[in-house]
>>> print(open('start-v3.txt').read())   # compact mmCIF, C-alpha atoms
# COMPACT_ATOMS: atom_id res chain seq x y z
CA MET A 66 17.80 -43.42 -19.76
CA ILE A 67 18.45 -46.25 -17.31
CA LEU A 68 21.00 -49.02 -17.89
CA GLU A 69 20.67 -52.15 -15.78
CA VAL A 70 23.04 -55.10 -15.82
CA ASP A 71 21.87 -58.19 -13.97
CA ASN A 72 22.86 -61.77 -13.17
CA ILE A 73 26.35 -61.49 -14.69
CA GLU A 74 28.43 -64.63 -14.27
CA LEU A 75 31.89 -64.87 -15.82
CA SER A 76 34.65 -67.45 -15.46
CA TYR A 77 38.16 -67.71 -16.93
CA ASP A 78 39.83 -71.14 -17.06
CA GLY A 79 37.41 -72.47 -14.50
CA LYS A 80 37.97 -69.56 -12.10
CA LEU A 81 34.86 -67.55 -11.21
CA ILE A 82 35.50 -63.84 -11.81
CA LEU A 83 32.02 -62.30 -11.52
CA ASP A 84 29.00 -63.89 -9.88
CA ALA A 85 25.38 -62.66 -9.87
CA VAL A 86 26.49 -59.08 -10.48
CA TYR A 87 23.89 -56.32 -10.63
CA LEU A 88 24.53 -52.70 -11.59
CA LYS A 89 22.34 -49.71 -12.36
CA ALA A 90 23.44 -46.49 -14.06
CA GLU A 91 21.32 -43.66 -15.37
CA THR A 92 21.33 -40.37 -17.21
CA GLY A 93 22.15 -37.45 -14.93
CA LYS A 94 24.50 -39.46 -12.73
CA ILE A 95 28.09 -40.65 -13.03
CA THR A 96 28.40 -44.20 -11.75
CA GLY A 97 31.86 -45.24 -10.54
CA ILE A 98 33.27 -48.73 -10.01
CA LEU A 99 36.24 -49.22 -7.68
CA GLY A 100 38.14 -52.41 -7.00
CA ARG A 101 41.60 -53.92 -6.89
CA ASN A 102 43.47 -55.21 -9.95
CA GLY A 103 41.92 -58.44 -11.16
CA SER A 104 38.62 -57.88 -9.38
CA GLY A 105 36.67 -57.88 -12.64
CA LYS A 106 36.04 -54.19 -13.37
CA THR A 107 37.36 -54.21 -16.92
CA SER A 108 35.70 -57.56 -17.61
CA LEU A 109 32.37 -56.10 -16.55
CA LEU A 110 32.71 -53.12 -18.89
CA SER A 111 33.67 -55.38 -21.80
CA ILE A 112 30.64 -57.60 -21.07
CA ILE A 113 28.34 -54.59 -21.16
CA TYR A 114 29.91 -53.38 -24.39
CA GLY A 115 29.56 -56.82 -25.92
CA ILE A 116 33.14 -57.96 -26.59
CA THR A 117 33.29 -60.46 -23.71
CA SER A 118 30.73 -63.26 -23.48
CA PRO A 119 29.85 -64.38 -19.94
CA LYS A 120 27.99 -67.53 -18.98
CA TYR A 121 24.96 -65.49 -17.95
CA LYS A 122 23.92 -61.88 -18.44
CA LEU A 123 20.85 -59.69 -18.67
CA ILE A 124 21.19 -56.12 -19.92
CA ARG A 125 18.22 -53.76 -19.95
CA VAL A 126 17.84 -50.20 -21.21
CA ASP A 127 14.79 -48.42 -19.84
CA GLY A 128 13.46 -51.79 -18.73
CA LEU A 129 13.72 -53.44 -22.15
CA PRO A 130 16.12 -56.41 -22.58
CA ILE A 131 18.94 -55.93 -25.09
CA THR A 132 19.19 -59.17 -27.02
CA LYS A 133 22.12 -58.29 -29.28
CA LYS A 134 25.59 -57.09 -28.46
CA MET A 135 25.44 -53.54 -27.15
CA TYR A 136 28.04 -52.15 -29.53
CA LYS A 137 25.70 -53.09 -32.40
CA THR A 138 22.89 -50.92 -31.04
CA GLY A 139 24.55 -47.55 -31.65
CA LEU A 140 23.74 -46.58 -28.07
CA ILE A 141 27.13 -47.13 -26.51
CA ALA A 142 30.77 -46.02 -26.70
CA TYR A 143 33.71 -47.61 -24.87
CA LEU A 144 37.02 -46.10 -23.77
CA PRO A 145 39.35 -49.08 -23.23
CA GLN A 146 42.54 -48.97 -21.18
CA PHE A 147 44.60 -49.23 -24.36
CA SER A 148 44.84 -46.60 -27.11
CA TYR A 149 42.29 -47.03 -29.89
CA LEU A 150 43.30 -44.34 -32.42
CA PRO A 151 45.00 -45.56 -35.62
CA THR A 152 48.80 -45.28 -35.48
CA HIS A 153 49.32 -42.84 -38.34
CA MET A 154 46.22 -40.67 -37.95
CA THR A 155 46.80 -37.04 -36.99
CA LEU A 156 44.84 -35.58 -34.10
CA LYS A 157 42.92 -33.15 -36.29
CA LYS A 158 42.03 -35.95 -38.72
CA ALA A 159 40.69 -38.02 -35.82
CA PHE A 160 38.38 -35.20 -34.78
CA TYR A 161 37.20 -34.86 -38.38
CA LEU A 162 36.42 -38.58 -38.72
CA TYR A 163 34.66 -38.67 -35.35
CA GLU A 164 32.70 -35.56 -36.38
CA ILE A 165 33.73 -33.66 -33.25
CA SER A 166 34.84 -30.04 -33.35
CA TRP A 167 38.59 -29.54 -33.15
CA LYS A 168 37.97 -25.81 -32.70
CA ASP A 169 35.88 -26.42 -29.56
CA PHE A 170 38.50 -28.80 -28.21
CA VAL A 171 41.42 -26.38 -28.56
CA ALA A 172 39.27 -23.63 -27.06
CA LYS A 173 39.27 -25.74 -23.89
CA PHE A 174 42.82 -27.03 -24.29
CA PRO A 175 44.79 -24.33 -26.20
CA SER A 176 48.15 -26.11 -25.97
CA PHE A 177 46.86 -28.77 -28.38
CA GLU A 178 46.59 -26.32 -31.30
CA ALA A 179 50.30 -26.84 -31.95
CA LEU A 180 49.76 -30.62 -32.00
CA LYS A 181 47.02 -30.80 -34.60
CA ASN A 182 49.20 -32.52 -37.21
CA TYR A 183 50.87 -34.87 -34.75
CA ILE A 184 50.21 -38.61 -34.69
CA LYS A 185 49.80 -40.41 -31.38
CA ALA A 186 53.46 -41.55 -31.21
CA GLU A 187 54.48 -37.90 -31.17
CA ILE A 188 52.50 -36.82 -28.11
CA SER A 189 52.65 -37.84 -24.46
CA GLY A 190 50.60 -40.64 -22.94
CA GLY A 191 48.57 -38.11 -20.95
CA GLU A 192 47.83 -35.98 -24.01
CA LEU A 193 46.73 -39.05 -25.93
CA ARG A 194 44.51 -40.22 -23.08
CA LEU A 195 42.84 -36.83 -22.88
CA VAL A 196 42.16 -36.74 -26.62
CA GLU A 197 40.72 -40.26 -26.73
CA THR A 198 38.55 -39.67 -23.66
CA TYR A 199 37.25 -36.40 -25.09
CA LEU A 200 36.31 -38.10 -28.36
CA ILE A 201 34.29 -40.71 -26.48
CA LEU A 202 32.60 -38.13 -24.25
CA LEU A 203 31.54 -35.97 -27.20
CA SER A 204 30.39 -38.91 -29.34
CA GLU A 205 26.72 -39.37 -30.17
CA ALA A 206 26.45 -42.44 -27.92
CA LYS A 207 24.05 -42.17 -25.00
CA ILE A 208 25.84 -44.74 -22.82
CA LEU A 209 29.56 -44.22 -22.11
CA LEU A 210 31.89 -46.80 -20.58
CA LEU A 211 35.18 -45.25 -19.42
CA ASP A 212 37.98 -47.57 -18.29
CA GLU A 213 40.60 -45.50 -16.43
CA PRO A 214 39.91 -42.12 -18.05
CA PHE A 215 42.19 -40.32 -15.57
CA SER A 216 45.22 -42.53 -16.28
CA ASN A 217 48.40 -40.55 -17.06
CA LEU A 218 46.61 -37.21 -16.84
CA SER A 219 48.04 -34.21 -15.02
CA PRO A 220 45.97 -32.79 -12.13
CA LEU A 221 44.98 -29.84 -14.34
CA TYR A 222 43.73 -32.10 -17.13
CA ILE A 223 41.83 -34.23 -14.59
CA ASP A 224 40.03 -31.16 -13.27
CA GLN A 225 39.18 -30.02 -16.80
CA LEU A 226 37.98 -33.50 -17.72
CA LYS A 227 35.73 -33.64 -14.65
CA ALA A 228 34.12 -30.36 -15.69
CA ILE A 229 33.30 -31.90 -19.08
CA LEU A 230 31.99 -35.05 -17.38
CA PHE A 231 29.66 -32.99 -15.19
CA THR A 232 28.22 -31.36 -18.31
CA VAL A 233 27.95 -34.53 -20.41
CA LYS A 234 26.22 -36.53 -17.67
CA LYS A 235 23.11 -34.38 -18.05
CA GLU A 236 22.39 -36.16 -21.32
CA LYS A 237 24.24 -39.47 -21.05
CA VAL A 238 24.69 -42.54 -18.88
CA ILE A 239 28.32 -42.55 -17.70
CA LEU A 240 29.94 -45.59 -16.12
CA LEU A 241 33.61 -45.26 -15.19
CA THR A 242 36.33 -47.06 -13.31
CA ASP A 243 39.78 -45.84 -12.30
CA HIS A 244 42.55 -46.55 -9.79
CA PHE A 245 42.55 -42.89 -8.75
CA TYR A 246 39.86 -43.44 -6.15
CA THR A 247 39.88 -39.83 -4.95
CA ASP A 248 38.94 -38.64 -8.43
CA VAL A 249 36.27 -41.34 -8.79
CA LEU A 250 34.78 -40.37 -5.43
CA ASP A 251 34.84 -36.71 -6.42
CA ALA A 252 33.26 -37.26 -9.84
CA ALA A 253 30.76 -40.04 -9.23
CA ASP A 254 27.21 -39.73 -7.92
CA GLU A 255 26.95 -43.49 -7.30
CA ILE A 256 29.76 -45.86 -6.32
CA TYR A 257 30.11 -49.63 -6.53
CA LEU A 258 32.94 -51.70 -5.07
CA CYS A 259 33.96 -54.80 -7.02
CA LYS A 260 35.12 -57.37 -4.47
CA ASN A 261 34.82 -61.13 -4.01
CA ARG A 262 33.19 -61.49 -7.46
CA LYS A 263 30.33 -59.17 -6.48
CA LEU A 264 29.40 -55.51 -6.78
CA LYS A 265 28.43 -53.71 -3.61
CA GLY A 266 26.92 -50.24 -3.39
CA ILE A 267 29.14 -47.82 -1.46
CA LYS A 268 27.88 -44.63 0.17
CA ASN A 269 31.13 -42.98 1.26
CA GLN A 270 34.85 -43.29 1.83
CA GLN A 271 34.38 -44.82 5.28
CA GLU A 272 32.63 -47.81 3.70
CA LEU A 273 35.62 -48.30 1.40
CA ILE A 274 37.81 -48.49 4.51
CA GLU A 275 35.40 -50.89 6.23
CA ASN A 276 35.42 -53.14 3.15
CA GLY A 277 39.22 -53.26 3.04
CA TYR A 278 39.65 -51.31 -0.20
CA LEU A 279 41.35 -48.39 1.58
CA PRO A 280 43.72 -48.52 4.56
CA LEU A 281 42.59 -47.27 7.94
CA ASP A 282 44.82 -44.19 7.62
CA ALA A 283 43.51 -43.19 4.16
CA LYS A 284 43.34 -39.45 3.58
CA VAL A 285 39.83 -38.24 4.38
CA LEU A 286 38.18 -36.40 1.51
CA LYS A 287 36.18 -33.29 2.21
>>> encode(input="start-v3.txt", output="structure tokens")
Amino acid sequence: MILEVDNIELSYDGKLILDAVYLKAETGKITGILGRNGSGKTSLLSIIYGITSPKYKLIRVDGLPITKKMYKTGLIAYLPQFSYLPTHMTLKKAFYLYEISWKDFVAKFPSFEALKNYIKAEISGGELRLVETYLILLSEAKILLLDEPFSNLSPLYIDQLKAILFTVKKEKVILLTDHFYTDVLDAADEIYLCKNRKLKGIKNQQELIENGYLPLDAKVLK
């Protein structure tokens, strides 16, 4: 499956945020978007999902235009920056309602077995982020939009989450953004930089330095 987003133009209060933006993401690849705060990354994901209405947009799946909001197609799932689970729902109940195996989850993350009857206010921000990201990744949707999936996660959880991402991408389109650029660079097969209202394809870390996203003395990734 190939997702293409073209000719996106978005303004807030007369200020142009995104202009003539094009993006392509496809099954088998993780596509990452980097950019500074306020550059338009989250706005772009919400446009694709269908909860933000830009002045112009064209969204295609396998070359066919999508004329209704994407979230109405059943093709897409969105991990927002904020928590989306109901306040008083236990973790195990959430897995039941989302029709995702709790048993498989705790096999990967055994420490969560003791938390099965906890609600989200009773677990840490990192634990909650991991649960909510996992639910999106294992959903039936074929296009996944992940806004800061690594936020608040421990290094161990990030590594485990990447392993799941590498498996899931074989069957799904994955588009993600995060401030942890090292993890985005490590996980993503394709990278875009959101800067000056545009998206620019990035081949490597050196190009992020040349485009002013990273400082000249940024740690070089192997």
>>> residues_around(input="start-v3.txt", residues="range 268-280 of chain A", least_positions_apart="4", cutoff="9 Å", atoms="only C-alpha atoms", output="list in words")
Leu99, Gly100, Arg101, Leu250, Glu255, Ile256, Tyr257, Leu258, Lys260, Val285 and Leu286 of chain A
>>> residues_near_point(input="start-v3.txt", point="(50.1, -41.3, -24.7)", cutoff="12 Å", atoms="only C-alpha atoms", output="list in words")
Gln146, Phe147, Ser148, Tyr149, Leu150, Thr152, Tyr183, Ile184, Lys185, Ala186, Glu187, Ile188, Ser189, Gly190, Gly191, Glu192, Leu193, Arg194, Leu195, Val196, Glu197, Thr198, Ser216, Asn217 and Leu218 of chain A
>>> residues_around(input="start-v3.txt", residues="Pro130 in chain A", least_positions_apart="4", cutoff="12 Å", atoms="only C-alpha atoms", output="ChimeraX atom specification")
/A:67-71,122-126,134-135
>>> residues_around(input="start-v3.txt", residues="Leu200 in chain A", least_positions_apart="4", cutoff="8 Å", atoms="all atoms listed in the file", output="list in words")
Phe160, Tyr163, Ile165, Val196 and Ser204 of chain A
>>> closest_residue(input="start-v3.txt", among="A:Ile82, A:Leu203, A:Lys133, A:Tyr161", to="Lys106 in chain A", atoms="all atoms listed in the file")
A:Ile82
>>> atom_distance(input="start-v3.txt", atom1="CA of Leu211 in chain A", atom2="CA of Ile239 in chain A")
7.6 Å
>>> atom_distance(input="start-v3.txt", atom1="CA of Tyr121 in chain A", atom2="CA of Tyr136 in chain A")
17.9 Å
>>> closest_residue(input="start-v3.txt", among="A:Gly266, A:Pro175, A:Pro145, A:Pro151", to="Ala90 in chain A", atoms="all atoms listed in the file")
A:Gly266
>>> residues_around(input="start-v3.txt", residues="Lys173 in chain A", least_positions_apart="4", cutoff="9 Å", atoms="only C-alpha atoms", output="number ranges by chain")
A: 168-169, 225
>>> closest_residue(input="start-v3.txt", among="A:Met66, A:Ile98, A:Leu83, A:Leu226", to="Thr242 in chain A", atoms="all atoms listed in the file")
A:Ile98
>>> atom_distance(input="start-v3.txt", atom1="CA of Gly139 in chain A", atom2="CA of Leu75 in chain A")
24.6 Å
>>> closest_residue(input="start-v3.txt", among="A:Ser118, A:Asn182, A:Ser104, A:Ser219", to="Asn261 in chain A", atoms="all atoms listed in the file")
A:Ser104
>>> residues_near_point(input="start-v3.txt", point="(32.4, -47.2, -21.0)", cutoff="9 Å", atoms="only C-alpha atoms", output="ChimeraX atom specification")
/A:110-111,113-114,141-145,201,208-212,239-242
>>> closest_residue(input="start-v3.txt", among="A:Thr96, A:Ser108, A:Ser166, A:Thr155", to="Lys237 in chain A", atoms="all atoms listed in the file")
A:Thr96
>>> closest_residue(input="start-v3.txt", among="A:Pro119, A:Pro214, A:Gly79, A:Pro220", to="Gly97 in chain A", atoms="all atoms listed in the file")
A:Pro214
>>> residues_around(input="start-v3.txt", residues="Ile229 in chain A", least_positions_apart="4", cutoff="9 Å", atoms="all atoms listed in the file", output="CSV table (one decimal) with C-alpha atoms, keeping the file's coordinate frame")
chain,number,residue,atom,x,y,z
A,199,TYR,CA,37.2,-36.4,-25.1
A,202,LEU,CA,32.6,-38.1,-24.2
A,224,ASP,CA,40.0,-31.2,-13.3
A,225,GLN,CA,39.2,-30.0,-16.8
A,233,VAL,CA,28.0,-34.5,-20.4
A,234,LYS,CA,26.2,-36.5,-17.7
>>> axis_aligned_box(input="start-v3.txt", around="range 164-174 of chain A", padding_each_side="6 Å", output="lines of an AutoDock Vina configuration file")
center_x = 37.8
center_y = -29.6
center_z = -30.1
size_x = 22.1
size_y = 23.9
size_z = 24.5
